[in-house]
file data_36.csv (CSV, C-alpha atoms and all ligand atoms)
chain,number,residue,atom,x,y,z
A,230,MET,CA,110.5,39.8,127.7
A,231,HIS,CA,112.6,42.0,125.3
A,232,ILE,CA,114.6,44.9,126.6
A,233,HIS,CA,117.8,46.7,125.8
A,234,SER,CA,120.2,48.5,128.2
A,235,THR,CA,123.4,50.4,128.0
A,236,ALA,CA,125.1,47.0,127.7
A,237,SER,CA,124.1,47.3,124.0
A,238,ASP,CA,122.2,50.1,122.4
A,239,GLY,CA,119.7,51.2,125.1
A,240,THR,CA,120.2,54.3,127.1
A,241,ASP,CA,119.1,53.1,130.6
A,242,SER,CA,121.5,51.0,132.7
A,243,PRO,CA,120.4,47.5,133.6
A,244,ALA,CA,119.8,48.7,137.2
A,245,GLN,CA,117.6,51.6,136.1
A,246,ILE,CA,115.6,49.2,133.9
A,247,VAL,CA,114.9,46.8,136.8
A,248,ARG,CA,113.9,49.7,139.1
A,249,LEU,CA,111.6,51.1,136.4
A,250,ALA,CA,110.0,47.7,135.8
A,251,ASP,CA,109.4,47.3,139.5
A,252,ASP,CA,107.8,50.8,139.8
A,253,LEU,CA,105.5,49.9,136.9
A,254,GLY,CA,104.4,46.8,138.7
A,255,LEU,CA,105.7,44.3,136.0
A,256,GLU,CA,105.7,40.7,137.2
A,257,ALA,CA,108.9,39.7,135.4
A,258,ILE,CA,111.2,41.1,132.7
A,259,ALA,CA,113.9,39.7,130.4
A,260,LEU,CA,117.0,41.7,129.6
A,261,THR,CA,117.9,40.9,126.0
A,262,ASP,CA,120.8,43.1,124.9
A,263,HIS,CA,122.2,42.6,121.4
A,264,ASP,CA,125.1,40.1,121.2
A,265,THR,CA,126.0,40.5,124.9
A,266,VAL,CA,125.3,39.2,128.4
A,267,ASP,CA,127.3,42.0,130.1
A,268,GLY,CA,124.2,43.6,131.6
A,269,LEU,CA,122.7,40.5,133.2
A,270,LEU,CA,124.6,40.3,136.5
A,271,GLU,CA,123.7,43.9,137.4
A,272,ALA,CA,120.1,43.4,136.4
A,273,GLN,CA,119.7,40.2,138.4
A,274,LEU,CA,121.3,41.6,141.5
A,275,VAL,CA,118.8,44.5,141.5
A,276,GLY,CA,116.1,42.1,140.7
A,277,GLN,CA,116.9,40.0,143.8
A,278,GLU,CA,117.0,43.1,145.9
A,279,LEU,CA,113.6,44.2,144.8
A,280,GLY,CA,112.0,40.8,144.4
A,281,LEU,CA,111.4,41.2,140.7
A,282,GLU,CA,112.1,38.2,138.4
A,283,VAL,CA,114.8,39.0,135.9
A,284,ILE,CA,115.2,36.5,133.1
A,285,ALA,CA,118.7,36.3,131.5
A,286,GLY,CA,118.3,36.9,127.8
A,287,CYS,CA,120.2,38.0,124.7
A,288,GLU,CA,119.1,39.1,121.2
A,289,LEU,CA,121.1,37.7,118.2
A,290,ALA,CA,120.7,38.3,114.5
A,291,ALA,CA,120.8,35.8,111.7
A,292,ARG,CA,121.0,36.2,107.9
A,293,THR,CA,118.0,35.6,105.6
A,294,PRO,CA,117.4,36.6,102.0
A,295,TYR,CA,115.2,39.4,103.3
A,296,GLY,CA,117.5,40.9,105.8
A,297,GLU,CA,118.3,40.3,109.5
A,298,MET,CA,116.2,37.8,111.4
A,299,HIS,CA,116.3,38.6,115.1
A,300,ILE,CA,116.3,35.8,117.6
A,301,VAL,CA,115.9,36.2,121.4
A,302,GLY,CA,117.3,33.6,123.7
A,303,LEU,CA,115.6,33.5,127.2
A,304,TRP,CA,117.2,31.8,130.2
A,305,VAL,CA,120.5,31.8,128.5
A,306,ASN,CA,123.5,30.3,130.5
A,307,PRO,CA,125.9,33.3,130.3
A,308,GLU,CA,128.9,31.0,131.1
A,309,GLN,CA,128.5,28.3,128.5
A,310,SER,CA,131.5,28.1,126.1
A,311,ASP,CA,130.0,27.7,122.6
A,312,PHE,CA,127.6,30.6,123.3
A,313,LEU,CA,130.4,32.8,124.6
A,314,GLU,CA,132.4,31.9,121.5
A,315,LEU,CA,129.5,33.1,119.4
A,316,LEU,CA,129.3,36.4,121.3
A,317,ALA,CA,133.1,36.9,121.0
A,318,ALA,CA,132.9,36.3,117.3
A,319,GLN,CA,130.0,38.9,117.0
A,320,THR,CA,132.0,41.4,119.0
A,321,LYS,CA,135.0,41.0,116.7
A,322,MET,CA,132.8,41.3,113.6
A,323,ARG,CA,131.1,44.4,115.1
A,324,ASP,CA,134.5,46.0,115.8
A,325,GLU,CA,135.7,45.4,112.2
A,326,ARG,CA,132.4,46.7,110.8
A,327,ASN,CA,132.5,49.8,113.1
A,328,ARG,CA,135.9,50.6,111.7
A,329,GLU,CA,134.6,50.2,108.1
A,330,ILE,CA,131.7,52.5,108.9
A,331,LEU,CA,134.0,55.1,110.3
A,332,ALA,CA,136.2,54.8,107.2
A,333,LEU,CA,133.2,55.5,105.0
A,334,LEU,CA,132.2,58.5,107.2
A,335,SER,CA,135.8,59.8,107.0
A,336,LYS,CA,135.5,59.8,103.2
A,337,LEU,CA,132.4,61.9,103.6
A,338,GLY,CA,134.5,64.4,105.7
A,339,ILE,CA,133.2,63.2,109.1
A,340,GLN,CA,136.1,62.1,111.4
A,341,ILE,CA,135.2,59.9,114.3
A,342,LYS,CA,137.9,57.9,116.1
A,343,ILE,CA,137.3,54.3,117.0
A,344,GLU,CA,138.3,55.1,120.6
A,345,GLU,CA,135.2,57.4,120.8
A,346,LEU,CA,133.1,54.2,120.4
A,347,GLU,CA,134.7,52.1,123.0
A,348,THR,CA,132.5,51.6,126.0
A,349,GLY,CA,134.6,49.0,127.9
A,350,SER,CA,131.9,46.3,127.9
A,351,GLY,CA,128.8,45.2,126.1
A,352,SER,CA,128.2,45.5,122.3
A,353,VAL,CA,128.7,48.6,120.2
A,354,GLY,CA,126.9,49.3,116.9
A,355,ARG,CA,125.3,51.8,114.6
A,356,PRO,CA,123.2,53.5,117.3
A,357,HIS,CA,126.4,54.5,119.1
A,358,ILE,CA,127.8,56.0,115.9
A,359,ALA,CA,124.4,57.7,115.3
A,360,ARG,CA,124.6,59.4,118.7
A,361,ILE,CA,128.0,60.9,117.9
A,362,LEU,CA,126.7,62.1,114.6
A,363,CYS,CA,123.9,63.9,116.5
A,364,LYS,CA,126.3,65.4,119.0
A,365,ARG,CA,128.4,66.7,116.2
A,366,GLY,CA,125.5,68.2,114.4
A,367,PHE,CA,125.6,65.8,111.3
A,368,ALA,CA,122.1,64.5,112.2
A,369,SER,CA,119.1,65.8,114.1
A,370,SER,CA,118.3,62.5,115.7
A,371,VAL,CA,119.4,58.9,115.8
A,372,SER,CA,116.8,57.9,113.2
A,373,ASP,CA,117.9,60.9,111.1
A,374,ALA,CA,121.5,59.5,111.3
A,375,PHE,CA,120.2,56.2,110.0
A,376,LYS,CA,118.3,57.9,107.2
A,377,ARG,CA,121.3,60.0,106.1
A,378,TYR,CA,124.3,57.7,106.7
A,379,LEU,CA,123.9,54.4,108.5
A,380,GLY,CA,120.7,52.7,107.3
A,381,ALA,CA,120.7,49.9,104.7
A,382,GLY,CA,121.8,51.3,101.3
A,383,LYS,CA,122.9,54.7,102.8
A,384,ARG,CA,126.3,56.2,102.2
A,385,ALA,CA,128.1,54.8,105.3
A,386,TYR,CA,126.2,51.5,105.4
A,387,VAL,CA,128.1,48.3,106.0
A,388,PRO,CA,126.1,45.1,106.4
A,389,ARG,CA,126.9,42.6,109.2
A,390,LYS,CA,128.3,39.2,108.5
A,391,LEU,CA,125.8,36.8,110.1
A,392,MET,CA,125.2,33.1,110.5
A,393,SER,CA,122.1,31.3,109.3
A,394,PRO,CA,119.0,31.1,111.6
A,395,ALA,CA,119.6,27.4,112.2
A,396,GLU,CA,123.2,28.0,113.2
A,397,VAL,CA,122.2,30.7,115.7
A,398,LEU,CA,119.4,28.6,117.1
A,399,GLU,CA,121.6,25.5,117.5
A,400,VAL,CA,124.0,27.4,119.6
A,401,LEU,CA,121.2,28.8,121.8
A,402,LYS,CA,119.6,25.3,122.1
A,403,LYS,CA,122.9,23.8,123.1
A,404,ASN,CA,123.1,26.6,125.7
A,405,GLY,CA,119.8,25.5,127.2
A,406,ALA,CA,118.0,28.7,126.2
A,407,THR,CA,114.3,29.1,125.1
A,408,THR,CA,114.3,30.5,121.6
A,409,VAL,CA,112.0,33.2,120.3
A,410,PHE,CA,111.7,34.6,116.7
A,411,ALA,CA,111.6,38.3,117.6
A,412,HIS,CA,109.2,40.7,115.8
A,413,PRO,CA,108.7,38.3,112.9
A,414,MET,CA,106.5,40.7,111.1
A,415,SER,CA,109.3,43.3,110.9
A,416,LEU,CA,111.2,41.1,108.5
A,417,PRO,CA,110.1,42.1,105.0
A,418,ALA,CA,109.8,38.4,103.9
A,419,PRO,CA,106.8,36.9,102.0
A,420,ILE,CA,104.5,35.0,104.4
A,421,GLU,CA,105.2,31.7,102.5
A,422,TRP,CA,108.9,32.1,103.4
A,423,VAL,CA,108.1,32.7,107.0
A,424,ASP,CA,105.7,29.7,107.0
A,425,ASN,CA,108.3,27.4,105.5
A,426,THR,CA,111.0,28.6,107.8
A,427,LEU,CA,108.8,28.0,110.8
A,428,ALA,CA,107.9,24.5,109.6
A,429,VAL,CA,111.7,23.7,109.3
A,430,LEU,CA,112.9,25.4,112.5
A,431,GLY,CA,109.9,24.3,114.6
A,432,GLY,CA,110.0,20.8,113.2
A,433,ASP,CA,113.7,20.5,114.1
A,434,GLY,CA,112.9,21.6,117.7
A,435,LEU,CA,115.2,24.7,117.3
A,436,LEU,CA,112.5,27.3,117.7
A,437,ASP,CA,110.2,27.5,120.7
A,438,ALA,CA,108.2,30.7,120.4
A,439,LEU,CA,107.2,33.7,118.3
A,440,GLU,CA,107.1,37.2,119.6
A,441,VAL,CA,103.4,37.9,119.1
A,442,TYR,CA,103.2,41.3,120.9
A,443,HIS,CA,105.7,43.9,119.8
A,444,PRO,CA,105.4,47.7,119.2
A,445,GLU,CA,106.0,47.1,115.5
A,446,HIS,CA,103.1,44.6,115.3
A,447,ASN,CA,99.7,46.2,114.6
A,448,GLN,CA,96.5,44.3,115.2
A,449,LEU,CA,96.6,42.6,111.8
A,450,LYS,CA,100.2,41.5,112.2
A,451,THR,CA,99.6,40.3,115.7
A,452,ALA,CA,96.7,38.2,114.4
A,453,THR,CA,98.9,36.8,111.7
A,454,VAL,CA,101.6,35.8,114.2
A,455,MET,CA,99.0,34.1,116.4
A,456,GLU,CA,97.9,32.1,113.4
A,457,LEU,CA,101.5,31.0,112.8
A,458,VAL,CA,101.9,30.1,116.5
A,459,LYS,CA,98.8,27.8,116.3
A,460,LYS,CA,99.8,26.3,112.9
A,461,HIS,CA,103.3,25.4,113.9
A,462,HIS,CA,102.5,24.5,117.6
A,463,LEU,CA,104.8,27.2,119.0
A,464,LEU,CA,104.6,29.2,122.1
A,465,MET,CA,104.0,33.0,122.5
A,466,SER,CA,106.3,35.7,123.7
A,467,GLY,CA,106.1,39.5,123.7
A,468,GLY,CA,107.9,42.6,124.8
A,469,SER,CA,108.4,46.3,124.3
A,470,ASP,CA,111.9,46.1,122.8
A,471,TYR,CA,112.5,49.1,125.1
A,472,HIS,CA,115.7,51.1,124.2
A,473,GLY,CA,115.2,54.1,126.5
A,474,LYS,CA,115.6,57.6,125.1
A,475,VAL,CA,116.7,56.6,121.6
A,476,LYS,CA,113.2,55.1,120.9
A,477,SER,CA,111.3,57.7,122.9
A,478,ASN,CA,107.9,56.5,121.6
A,479,VAL,CA,108.3,53.1,123.1
A,480,SER,CA,108.0,52.8,126.9
A,481,LEU,CA,109.0,49.9,129.1
A,482,GLY,CA,106.2,47.3,129.5
A,483,ARG,CA,103.7,49.4,127.6
A,484,GLY,CA,105.3,49.8,124.1
A,485,ASN,CA,103.4,52.4,122.2
A,486,GLY,CA,100.9,52.5,125.0
A,487,SER,CA,98.6,49.6,124.4
A,488,LEU,CA,101.1,46.7,124.8
A,489,ARG,CA,100.1,44.2,127.5
A,490,VAL,CA,102.2,41.0,127.6
A,491,PRO,CA,100.2,38.5,129.8
A,492,ALA,CA,101.8,36.5,132.5
A,493,HIS,CA,100.5,33.2,131.0
A,494,PHE,CA,103.0,33.6,128.1
A,495,LEU,CA,105.7,33.3,130.6
A,496,ASP,CA,104.0,30.4,132.5
A,497,GLU,CA,103.7,28.5,129.2
A,498,LEU,CA,107.3,29.1,128.3
A,499,LYS,CA,108.4,27.9,131.8
A,500,LYS,CA,106.1,24.8,131.5
A,501,LYS,CA,107.9,23.7,128.3
A,502,ARG,CA,111.2,24.1,130.1
A,503,GLY,CA,109.9,21.7,132.7
B,1,LIG,P1,123.5,47.3,114.5
B,1,LIG,O1,123.2,46.3,115.5
B,1,LIG,O2,124.8,48.0,114.7
B,1,LIG,O3,123.2,46.9,113.1
B,1,LIG,O4,122.3,48.5,114.8
B,1,LIG,C1,121.0,48.1,114.8
B,1,LIG,C2,120.2,48.8,115.9
B,1,LIG,O5,120.0,50.1,115.5
B,1,LIG,C3,118.9,48.2,116.2
B,1,LIG,O6,118.9,47.3,117.2
B,1,LIG,C4,118.0,49.4,116.6
B,1,LIG,O7,118.1,49.6,117.9
B,1,LIG,C5,118.7,50.6,115.9
B,1,LIG,N1,118.1,51.0,114.6
B,1,LIG,C6,118.0,50.3,113.5
B,1,LIG,N2,117.4,51.1,112.5
B,1,LIG,C7,117.1,52.3,113.1
B,1,LIG,C8,116.5,53.5,112.6
B,1,LIG,N3,116.0,53.6,111.4
B,1,LIG,N4,116.4,54.5,113.5
B,1,LIG,C9,116.8,54.4,114.8
B,1,LIG,N5,117.4,53.3,115.3
B,1,LIG,C10,117.6,52.2,114.4
B,2,FE,FE,118.6,47.8,119.2
B,3,FE,FE,115.3,43.2,117.2
B,4,ZN,ZN,115.5,44.2,120.4
call {"tool": "encode", "arguments": {"input": "data_36.csv", "output": "structure tokens", "more": "lines below"}}
Ligand code: AMP
Ligand code: FE
Ligand code: FE
Ligand code: ZN
result
Amino acid sequence: MHIHSTASDGTDSPAQIVRLADDLGLEAIALTDHDTVDGLLEAQLVGQELGLEVIAGCELAARTPYGEMHIVGLWVNPEQSDFLELLAAQTKMRDERNREILALLSKLGIQIKIEELETGSGSVGRPHIARILCKRGFASSVSDAFKRYLGAGKRAYVPRKLMSPAEVLEVLKKNGATTVFAHPMSLPAPIEWVDNTLAVLGGDGLLDALEVYHPEHNQLKTATVMELVKKHHLLMSGGSDYHGKVKSNVSLGRGNGSLRVPAHFLDELKKKRG
């Protein structure tokens, strides 16, 4: 219930992902590209063809004192106006930020034109710039490009301008989506902060679920998230956060190998939707 395609920073097309999921025997998937719904129609068409359930999703980021909090919306309505406005604002901010990143790279003697980043649809970000840096020989891999230039604090780093978690969740709730705090243990926040934040967001009915199973969650982190789920009366979600070739150690449906997201997570999420 957490997958990226070429509509954002993954390397498999939406159609390829649905076929792969079907080959793997997955019962359902959610396509959750960053800041865009552009891959959903293609994925859902192939899903219908193959008889595989494809949930319309989207991953958004919000600002916290500890960095980006990622929020996955499931069963998003890709036509609702406030949500589309939020996506359009994100696209505009991404474009401005990409230009700032390219300006910093230019000062370092690396000339990349903004046109080289234009994909025509979907969302474009640092991974796309990283791939060009690799192609040009300025980095040996996408993660090397983050380490050298694009990652937080590096020479061509530009932070994103983001909304608060409550603001993002309000838009998603108004949209009718089920809301999931994605990979909560990846956020380097003190557990007290996470606990308080869940009390507020859960109490206000803005947050439905926590992503319990995720490749970045080891056994201990998974157990911690399960405790938080119980304490705050939330539901559970999980996913591989598959990005295709750029995260080659993470495979669809299986994460690092041991990932198993049980169907009852999906059943419980559906039950709450009524
Ligand atoms: P952006 O949305 O433009 O800020 O780029 C963030 C995306 O870059 C994430 O969704 C990841 O897919 C990818 N990413 C972030 N950090 C790294 C890293 N250290 N190595 C490789 N990919 C990364
Ligand atoms: Fe990503
Ligand atoms: Fe994420
Ligand atoms: Zn993701």
call {"tool": "atom_distance", "arguments": {"input": "data_36.csv", "atom1": "CA of Arg489 in chain A", "atom2": "CA of Ala257 in chain A"}}
result
12.7 Å
call {"tool": "atom_distance", "arguments": {"input": "data_36.csv", "atom1": "CA of Ile361 in chain A", "atom2": "CA of Gly382 in chain A"}}
result
20.2 Å
call {"tool": "residues_near_ligand", "arguments": {"input": "data_36.csv", "ligand": "ligand FE 3 (chain B)", "cutoff": "9 Å", "atoms": "all atoms listed in the file", "output": "NGL selection string"}}
result
:A and (231 or 263 or 288-290 or 297-301 or 411-412 or 415 or 470)
call {"tool": "residues_near_ligand", "arguments": {"input": "data_36.csv", "ligand": "ligand FE 2 (chain B)", "cutoff": "7 Å", "atoms": "all atoms listed in the file", "output": "mmCIF file with C-alpha atoms, keeping the file's coordinate frame"}}
result
data_model
loop_
_atom_site.group_PDB
_atom_site.id
_atom_site.type_symbol
_atom_site.label_atom_id
_atom_site.label_comp_id
_atom_site.auth_asym_id
_atom_site.auth_seq_id
_atom_site.Cartn_x
_atom_site.Cartn_y
_atom_site.Cartn_z
ATOM 1 C CA HIS A 233 117.800 46.700 125.800
ATOM 2 C CA ASP A 238 122.200 50.100 122.400
ATOM 3 C CA GLY A 239 119.700 51.200 125.100
ATOM 4 C CA HIS A 263 122.200 42.600 121.400
ATOM 5 C CA HIS A 472 115.700 51.100 124.200
#
call {"tool": "closest_residue", "arguments": {"input": "data_36.csv", "among": "A:Tyr295, A:Gly431, A:Val266, A:Glu440", "to": "Ala452 in chain A", "atoms": "only C-alpha atoms"}}
result
A:Glu440
call {"tool": "residues_around", "arguments": {"input": "data_36.csv", "residues": "His446 in chain A", "least_positions_apart": "4", "cutoff": "8 Å", "atoms": "all atoms listed in the file", "output": "PDB file with C-alpha atoms, in the coordinates of the input"}}
result
ATOM      1  CA  HIS A 412     109.200  40.700 115.800  1.00  0.00           C
ATOM      2  CA  MET A 414     106.500  40.700 111.100  1.00  0.00           C
ATOM      3  CA  SER A 415     109.300  43.300 110.900  1.00  0.00           C
ATOM      4  CA  VAL A 441     103.400  37.900 119.100  1.00  0.00           C
ATOM      5  CA  TYR A 442     103.200  41.300 120.900  1.00  0.00           C
ATOM      6  CA  LYS A 450     100.200  41.500 112.200  1.00  0.00           C
ATOM      7  CA  THR A 451      99.600  40.300 115.700  1.00  0.00           C
TER       8      THR A 451
END
call {"tool": "residues_around", "arguments": {"input": "data_36.csv", "residues": "Glu399 in chain A", "least_positions_apart": "5", "cutoff": "9 Å", "atoms": "all atoms listed in the file", "output": "ChimeraX atom specification"}}
result
/A:394,404,435
call {"tool": "residues_near_ligand", "arguments": {"input": "data_36.csv", "ligand": "ligand LIG 1 (chain B)", "cutoff": "10 Å", "atoms": "all atoms listed in the file", "output": "PyMOL selection string"}}
result
chain A and resi 233+237-239+262-264+288-290+297+299+323-324+326-327+352-359+370-377+379-381+386-389+470-472+475-476
call {"tool": "closest_residue", "arguments": {"input": "data_36.csv", "among": "A:Gly351, A:Gly302, A:Pro419, A:Gly366", "to": "ligand ZN 4 (chain B)", "atoms": "all atoms listed in the file"}}
result
A:Gly302
call {"tool": "residues_near_point", "arguments": {"input": "data_36.csv", "point": "(122.5, 33.2, 124.9)", "cutoff": "7 Å", "atoms": "only C-alpha atoms", "output": "list in words"}}
result
Gly286, Cys287, Gly302, Val305, Asn306, Pro307, Phe312, Leu401, Asn404 and Ala406 of chain A
call {"tool": "write_last_selection", "arguments": {"input": "data_36.csv", "atoms": "C-alpha atoms", "output": "mmCIF file, in the coordinates of the input"}}
result
data_model
loop_
_atom_site.group_PDB
_atom_site.id
_atom_site.type_symbol
_atom_site.label_atom_id
_atom_site.label_comp_id
_atom_site.auth_asym_id
_atom_site.auth_seq_id
_atom_site.Cartn_x
_atom_site.Cartn_y
_atom_site.Cartn_z
ATOM 1 C CA GLY A 286 118.300 36.900 127.800
ATOM 2 C CA CYS A 287 120.200 38.000 124.700
ATOM 3 C CA GLY A 302 117.300 33.600 123.700
ATOM 4 C CA VAL A 305 120.500 31.800 128.500
ATOM 5 C CA ASN A 306 123.500 30.300 130.500
ATOM 6 C CA PRO A 307 125.900 33.300 130.300
ATOM 7 C CA PHE A 312 127.600 30.600 123.300
ATOM 8 C CA LEU A 401 121.200 28.800 121.800
ATOM 9 C CA ASN A 404 123.100 26.600 125.700
ATOM 10 C CA ALA A 406 118.000 28.700 126.200
#
call {"tool": "atom_distance", "arguments": {"input": "data_36.csv", "atom1": "CA of Ala272 in chain A", "atom2": "CA of Leu253 in chain A"}}
result
16.0 Å
call {"tool": "closest_residue", "arguments": {"input": "data_36.csv", "among": "A:Ala318, A:Ile246, A:Ile232, A:Met465", "to": "ligand ZN 4 (chain B)", "atoms": "only C-alpha atoms and all ligand atoms"}}
result
A:Ile232
call {"tool": "closest_residue", "arguments": {"input": "data_36.csv", "among": "A:Glu445, A:Glu345, A:Glu497, A:Glu329", "to": "ligand ZN 4 (chain B)", "atoms": "all atoms listed in the file"}}
result
A:Glu445
call {"tool": "closest_residue", "arguments": {"input": "data_36.csv", "among": "A:Val479, A:Leu398, A:Leu449, A:Leu269", "to": "ligand ZN 4 (chain B)", "atoms": "only C-alpha atoms and all ligand atoms"}}
result
A:Val479
call {"tool": "closest_residue", "arguments": {"input": "data_36.csv", "among": "A:Arg384, A:His443, A:Lys321, A:His493", "to": "ligand ZN 4 (chain B)", "atoms": "only C-alpha atoms and all ligand atoms"}}
result
A:His443
